[in-house]
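The structure appears right after this line, and notes come after that.
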Protein chains: 2
Amino acid sequence: MALTILKGTIVSAPAPGRLEVTEGGFLAAEEGRVSGVFPVLPERYAGAAVEDWGDALILQAPMDLHLHAPQYPMRGCGMDLPLLDWLNAYAFPTEARFSDPDYARELYRALARELIESGTTRVCMFSSLHREATLILMEELERAGVTGFVGKVNMDRNGGKNLQETTEESRRETLLWLEACQDFQHIRPILTPRFIPSCTDELMDFLGQLAAERSLPVQSHLSENTGEIQWVKELHPDCSQYWECYAKYGLWNRRTVMAHCVWSDERERRAMAEAGVLAVHCPDSNQNLCSGTAPVKTMLREGVRVALGSDIAGGDRLNMLDVAASAIRASKARRILDNWETEFLTVAEAWYLAVSAGASFFGARPGFAPGEPLHALVLSDSGLPRPARPMTPAERLERCLYHRQRDAVQAVWSEGRRVFSRTM
Amino acid sequence: MALTILKGTIVSAPAPGRLEVTEGGFLAAEEGRVSGVFPVLPERYAGAAVEDWGDALILQAPMDLHLHAPQYPMRGCGMDLPLLDWLNAYAFPTEARFSDPDYARELYRALARELIESGTTRVCMFSSLHREATLILMEELERAGVTGFVGKVNMDRNGGKNLQETTEESRRETLLWLEACQDFQHIRPILTPRFIPSCTDELMDFLGQLAAERSLPVQSHLSENTGEIQWVKELHPDCSQYWECYAKYGLWNRRTVMAHCVWSDERERRAMAEAGVLAVHCPDSNQNLCSGTAPVKTMLREGVRVALGSDIAGGDRLNMLDVAASAIRASKARRILDNWETEFLTVAEAWYLAVSAGASFFGARPGFAPGEPLHALVLSDSGLPRPARPMTPAERLERCLYHRQRDAVQAVWSEGRRVFSRTM
């Protein structure tokens, strides 16, 4: 029996705002699935090999529920531009480069490696509209050990130069792409209408039927900025709110991921909570593009499912430890915006959003739940300055989030398999 | 004659919002002082050794106008707490540890090294109230090549446990400290009343006289948060605004540095502009501690001198490239707060604030002005993903700010002297 036993300071986030800490504990997995976290090694593992990480932190591996793979090379570019200018000057031309399979291979390999080295093992990701590059992306992710969902983008209107399909092409390429996806084990397809302005009604109708027939999940954007919302209203005068444009095509349910939701009002949030739609908060992107500041605490209180996304390259940070810290900062900006009448996200809450909140979308439970595939990372803070007094594990986690060091991740496990070691 | 000639992509910020770019240019310094930036090597340097950095960026070294050295070990700690709780639970106990000279030596050596490795060559810095540790800090900075101002903190009321002086101690220790400061060449003393609530009127009076007699600069905090402002009002009912408490002791002039100024209203801002007081914007700290969002664009428009500070450990980022990016983000938060009616800082504006805006406080001119001591760094972006198309130097600077990599700084010069090489 394949057995993994890791010893260290184990910190998991089984519930919002609650950290479970086991110092000098043992995290065990059998055949790649967590069997438990134990303060003392259970009798049945006596004599088994234990990987001792000293007092390093052993954490759940984070997940990134929204990012644009082909925008990887343009992180931190054009951030002085408004959204639509930024799309036209940077995002669309960069995505168009991925018609070149060699460029795609090089960049996607680097992206997959950077994801794993920062401990991100589960993603829900946009590719470009290119079928070949999308399959290359899936190959590179699977090879590196990143698991989850990737979508070939559908966009049959309002695209960029060299970055648009006809409706017919979009249909055909999507079907061909889905066929080829059967080759992958840990990376699965997700339908990906870019956003309402990019897809004709005919294409949306097709995607809705496809989702139903093949039981496919779907990802898109929702209520990111006010200009976009106005545009959607004009395109769908029959829908009183943005979300209804997805709902009317059957793309609004528990297998739906919607990025941003910055401007979703009470009614739209209720529609999310009732349908079980997963909202993805992308704090860096919303700030960089001046979209607004999502009311995350309010969404959580109202029962909306919320997870985190890096949203590169609207977001500039790929590492989810950074993104968790950004979520805290954004919630403080929101508190200031709300005249100090709302609360901010605590470290324990933000970390839950990064590592546990999206678990159900991958069919898993939060925390290090027994029976779930092992997704874990070992984080060292020994390179940080010596503190004035001993710190608790929760304090150490906080310091690592704010003060993330590039080489802090020592080892990563994904779907039960070790996929990275610093010393490899 | 000692001659330094650096070849590369030279980018300087001689004026707010304006980058001066010389690709394949030469930055020359004679006897440690800039002689100029040249697109072609001048005749008089023919045959001289040229250090060729390829197409790496050669930038002005940034300056950090506000940080608390003894809070270095607690960056990213206690960020879920409100200001006063944070001071009592983290900041004061950590500062109290610096009564131990060995701890001070270890931590200050690490701080000085980290400053230089991130290219920060000029600082205006708070120490703790400990005379010995303050001198150790000055030694370590000078040894590492960090120049500028350091202040022994004065605090004779409302301090923490083991972190308060009597008025008499404060006076005596300040005078002894000033005497010992004569040993330093590039690090000079600055008077440092912690903030109005920490200093009795008697102590403020003493500091005001000392500043006048010895022509010393002064640094403190101003209008950081609303609770503090209220407290100051109660302590000085004769002053209608916070700044007047400094002004009445003669501590309000061109040699005054005031951190934060988040809540300074039009009248207080006018008092700053008229007196030539230097306001230090600390975006990370203001966000982390939920103090508020300073109206930096407004201050600049009104003619207030504004520079940037990391304000560790209210701020969690020491690297001024990060802080410049944070200033941009904060200005976007401010834009959102102002209902999109104010502008945000552009990359060129934020970079000016980081490298040039504080120059006058160190008696220097902005940009790579001829005759000024060379403060420069070489920044490589070759480790970043290959872009979809060639980038301009300004775009590369932007990407480096947002997407700072730990090992990107290749070499640093401070006061004309090379103080760091990646390959050293």
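Chains: A, B, ... in order of the structure tokens. Residues: from 1 per chain. Ligands: from 1, in order shown.
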- Task: Define the interface residues of chain B facing chain A as those within 8 Å, counting only C-alpha atoms, and report them as number ranges by chain.
- Result: B: 72-78, 80, 93-94, 97, 107, 110, 287-288, 290, 292-293, 316-317, 329, 332-333, 335-337, 346-347, 384-389, 395, 398-403, 406
With C-alpha atoms retained, write the just-selected residues as a compact mmCIF listing (two decimals), in the first residue's frame.
```txt
# COMPACT_ATOMS: atom_id res chain seq x y z
CA TYR B 72 11.40 44.66 11.05
CA PRO B 73 10.93 41.23 12.72
CA MET B 74 7.14 41.63 12.91
CA ARG B 75 6.26 42.42 9.32
CA GLY B 76 2.95 40.81 8.47
CA CYS B 77 2.03 40.18 12.11
CA GLY B 78 -1.21 41.10 13.87
CA ASP B 80 -6.23 41.65 11.91
CA PRO B 93 6.71 44.46 22.87
CA THR B 94 8.81 43.96 19.73
CA ARG B 97 13.30 43.68 22.69
CA LEU B 107 18.13 42.14 13.29
CA ALA B 110 19.57 41.70 8.39
CA GLN B 287 -4.58 49.74 4.16
CA ASN B 288 -3.42 47.06 6.60
CA CYS B 290 -7.59 50.29 8.00
CA GLY B 292 -8.01 55.22 5.46
CA THR B 293 -6.94 56.03 1.91
CA ASP B 316 4.29 44.63 5.24
CA ARG B 317 6.51 45.31 2.22
CA ARG B 329 -3.29 50.46 -6.00
CA LYS B 332 -7.19 53.30 -7.39
CA ALA B 333 -8.92 52.49 -4.11
CA ARG B 335 -10.60 56.67 -7.08
CA ILE B 336 -13.27 54.10 -6.26
CA LEU B 337 -13.89 55.81 -2.90
CA THR B 346 0.27 56.36 -13.18
CA VAL B 347 3.34 54.13 -13.15
CA LEU B 384 10.05 37.01 -16.35
CA PRO B 385 7.98 35.19 -18.98
CA ARG B 386 8.79 36.06 -22.60
CA PRO B 387 6.29 38.72 -23.67
CA ALA B 388 4.04 38.37 -26.70
CA ARG B 389 5.82 41.30 -28.37
CA GLU B 395 6.43 48.89 -20.06
CA GLU B 398 5.84 48.76 -15.07
CA ARG B 399 6.05 44.99 -15.25
CA CYS B 400 8.98 44.98 -12.82
CA LEU B 401 7.03 47.09 -10.33
CA TYR B 402 3.99 44.86 -10.37
CA HIS B 403 5.80 41.64 -10.79
CA ARG B 406 13.35 38.68 -5.49
```
- Message: Using DSSP assignments from the backbone, pull out every residue in region 182-324 of chain B that falls under alpha helix (DSSP H) and give it to me as JSON, numbers by chain.
- Response: {"B": [201, 202, 203, 204, 205, 206, 207, 208, 209, 210, 211, 212, 213, 214, 226, 227, 228, 229, 230, 231, 232, 233, 234, 235, 242, 243, 244, 245, 246, 247, 266, 267, 268, 269, 270, 271, 272, 273, 274, 275, 283, 284, 285, 286, 287, 288, 296, 297, 298, 299, 300, 301, 320, 321, 322, 323, 324]}
- Item | Interatomic distance (Å, one decimal) between CA of Arg122 (chain A) and CA of Ala313 (chain A) |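 Calculated distance between CA of Arg122 (chain A) and CA of Ala313 (chain A) is 18.1 Å.
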- Query: If you measure from CA of Ser310 (chain B) to CA of Leu65 (chain B), what distance in Å do you get, rounded to one decimal?
  - Reply: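 Going from CA of Ser310 (chain B) over to CA of Leu65 (chain B), I get 7.7 Å.
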- Task: Record the distance separating CA of Ala357 (chain B) and CA of Pro16 (chain B), expressed in Å with one decimal.
- Result: 8.1 Å
- Excluding same-chain residues fewer than 4 positions from region 139-151 of chain B, what lies within 9 Å of it counting only C-alpha atoms, as a ChimeraX atom specification? /B:105,108-113,115-116,120-129,134-135,184-193,217-219,362,413-415,417-420
- Message: What parts of region 194-277 of chain B does DSSP call strand (DSSP E)? I'd like the answer as a ChimeraX atom specification.
- Response: /B:218-222,256-260
For the selection you just gave me, I'd like the residues written to a file as a compact mmCIF listing (two decimals), in the first residue's frame, keeping N, CA, C and O atoms.
```txt
# COMPACT_ATOMS: atom_id res chain seq x y z
N VAL B 218 13.38 66.90 11.56
CA VAL B 218 12.48 66.21 12.48
C VAL B 218 11.52 65.32 11.69
O VAL B 218 11.14 65.65 10.56
N GLN B 219 11.17 64.18 12.27
CA GLN B 219 10.19 63.30 11.64
C GLN B 219 9.15 62.88 12.68
O GLN B 219 9.46 62.74 13.87
N SER B 220 7.93 62.73 12.23
CA SER B 220 6.89 62.23 13.13
C SER B 220 5.69 61.75 12.31
O SER B 220 5.82 61.53 11.09
N HIS B 221 4.57 61.55 13.00
CA HIS B 221 3.34 61.06 12.36
C HIS B 221 2.30 62.16 12.38
O HIS B 221 2.22 62.93 13.32
N LEU B 222 1.46 62.18 11.34
CA LEU B 222 0.42 63.20 11.27
C LEU B 222 -0.88 62.63 10.70
O LEU B 222 -0.86 61.99 9.63
N THR B 256 10.97 69.09 7.93
CA THR B 256 10.03 68.25 8.66
C THR B 256 9.45 67.17 7.74
O THR B 256 9.01 67.48 6.63
N VAL B 257 9.47 65.93 8.22
CA VAL B 257 8.87 64.80 7.50
C VAL B 257 7.68 64.30 8.31
O VAL B 257 7.83 63.96 9.48
N MET B 258 6.52 64.24 7.69
CA MET B 258 5.33 63.78 8.40
C MET B 258 4.74 62.56 7.69
O MET B 258 4.32 62.63 6.53
N ALA B 259 4.71 61.43 8.42
CA ALA B 259 4.18 60.20 7.82
C ALA B 259 2.66 60.21 7.82
O ALA B 259 2.03 60.71 8.76
N HIS B 260 2.10 59.67 6.74
CA HIS B 260 0.67 59.36 6.59
C HIS B 260 -0.19 60.49 6.02
O HIS B 260 -0.56 60.45 4.86
```
- Write out as a ChimeraX atom specification each polymer residue whose atoms come within 12 Å of Trp231 (chain A), counting only C-alpha atoms; drop sequence neighbours fewer than 2 positions from it. /A:84,158,195-198,223-229,233-237,241-242
Let me see the file: selected residues, C-alpha atoms, as a compact mmCIF listing (two decimals), in the first residue's frame.
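Written out: out.txt:
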```
# COMPACT_ATOMS: atom_id res chain seq x y z
CA LEU A 84 -11.64 47.99 -22.67
CA ASN A 158 -16.65 41.62 -30.13
CA PHE A 195 -18.68 36.77 -21.29
CA ILE A 196 -22.08 37.82 -22.58
CA PRO A 197 -20.80 40.51 -24.99
CA SER A 198 -18.49 37.93 -26.66
CA SER A 223 -20.95 42.00 -13.14
CA GLU A 224 -17.30 42.99 -13.19
CA ASN A 225 -17.74 46.65 -13.98
CA THR A 226 -20.54 49.10 -14.54
CA GLY A 227 -19.81 49.76 -18.20
CA GLU A 228 -19.92 46.05 -18.96
CA ILE A 229 -23.23 45.67 -17.09
CA LYS A 233 -28.37 45.23 -20.62
CA GLU A 234 -28.36 46.62 -24.15
CA LEU A 235 -27.56 43.24 -25.65
CA HIS A 236 -30.26 41.43 -23.65
CA PRO A 237 -33.09 43.89 -23.04
CA GLN A 241 -30.13 41.49 -14.54
CA TYR A 242 -26.83 40.20 -15.89
```
- Message: So that I can see what lies close to Gln60 (chain B), please list as a ChimeraX atom specification the residues with an atom at most 10 Å from it, counting only C-alpha atoms and leaving out residues fewer than 4 positions away in the same chain.
- Response: /B:10-14,119-121,351-352,354-356,366-368,374-378,412-413
- Message: What's around region 154-156 of chain B at 8 Å? Count only C-alpha atoms, leave out sequence neighbours fewer than 6 positions away in its own chain, and write the answer as a list in words.
- Response: Leu129, Gln164, Glu165, Thr166, Thr167, Ser170, Thr174, Thr192, Pro193, Arg194, Ser198, Cys199, Thr200 and Leu203 of chain B
Go ahead and dump the residues you just picked, N, CA, C and O atoms, as a CSV table (one decimal), in the first residue's frame.
```csv
chain,number,residue,atom,x,y,z
B,129,LEU,N,13.4,53.7,21.3
B,129,LEU,CA,13.9,54.8,22.2
B,129,LEU,C,15.3,54.4,22.7
B,129,LEU,O,15.9,55.3,23.5
B,164,GLN,N,9.1,53.2,27.7
B,164,GLN,CA,8.8,54.6,27.9
B,164,GLN,C,10.0,55.2,28.7
B,164,GLN,O,10.7,54.5,29.5
B,165,GLU,N,10.2,56.4,28.5
B,165,GLU,CA,11.3,57.2,29.2
B,165,GLU,C,10.6,58.2,30.1
B,165,GLU,O,9.5,58.6,29.8
B,166,THR,N,11.4,58.6,31.1
B,166,THR,CA,10.9,59.9,31.7
B,166,THR,C,11.4,61.0,30.8
B,166,THR,O,12.2,60.8,29.9
B,167,THR,N,10.8,62.2,31.1
B,167,THR,CA,11.2,63.3,30.3
B,167,THR,C,12.7,63.6,30.4
B,167,THR,O,13.4,63.8,29.4
B,170,SER,N,14.7,61.0,28.4
B,170,SER,CA,14.5,61.3,27.0
B,170,SER,C,15.5,62.4,26.6
B,170,SER,O,16.2,62.3,25.6
B,174,THR,N,18.8,61.6,24.4
B,174,THR,CA,18.9,62.3,23.1
B,174,THR,C,20.2,63.1,22.9
B,174,THR,O,20.8,63.0,21.8
B,192,THR,N,13.0,62.7,16.6
B,192,THR,CA,11.9,61.8,16.4
B,192,THR,C,10.9,61.7,17.5
B,192,THR,O,10.9,60.7,18.2
B,193,PRO,N,10.1,62.7,17.8
B,193,PRO,CA,9.0,62.6,18.7
B,193,PRO,C,8.1,61.5,18.1
B,193,PRO,O,7.7,61.7,16.9
B,194,ARG,N,7.7,60.5,18.8
B,194,ARG,CA,7.0,59.4,18.1
B,194,ARG,C,5.7,59.9,17.5
B,194,ARG,O,5.6,59.7,16.3
B,198,SER,N,2.6,60.6,22.4
B,198,SER,CA,3.8,60.0,23.1
B,198,SER,C,4.7,61.0,23.8
B,198,SER,O,5.6,60.6,24.4
B,199,CYS,N,4.5,62.3,23.6
B,199,CYS,CA,5.4,63.3,24.1
B,199,CYS,C,4.7,64.4,24.9
B,199,CYS,O,3.8,65.0,24.4
B,200,THR,N,5.2,64.6,26.1
B,200,THR,CA,4.7,65.7,26.9
B,200,THR,C,5.1,67.0,26.3
B,200,THR,O,6.0,67.1,25.4
B,203,LEU,N,8.7,67.9,26.8
B,203,LEU,CA,9.6,67.2,25.8
B,203,LEU,C,9.6,67.8,24.5
B,203,LEU,O,10.6,68.0,23.8
```
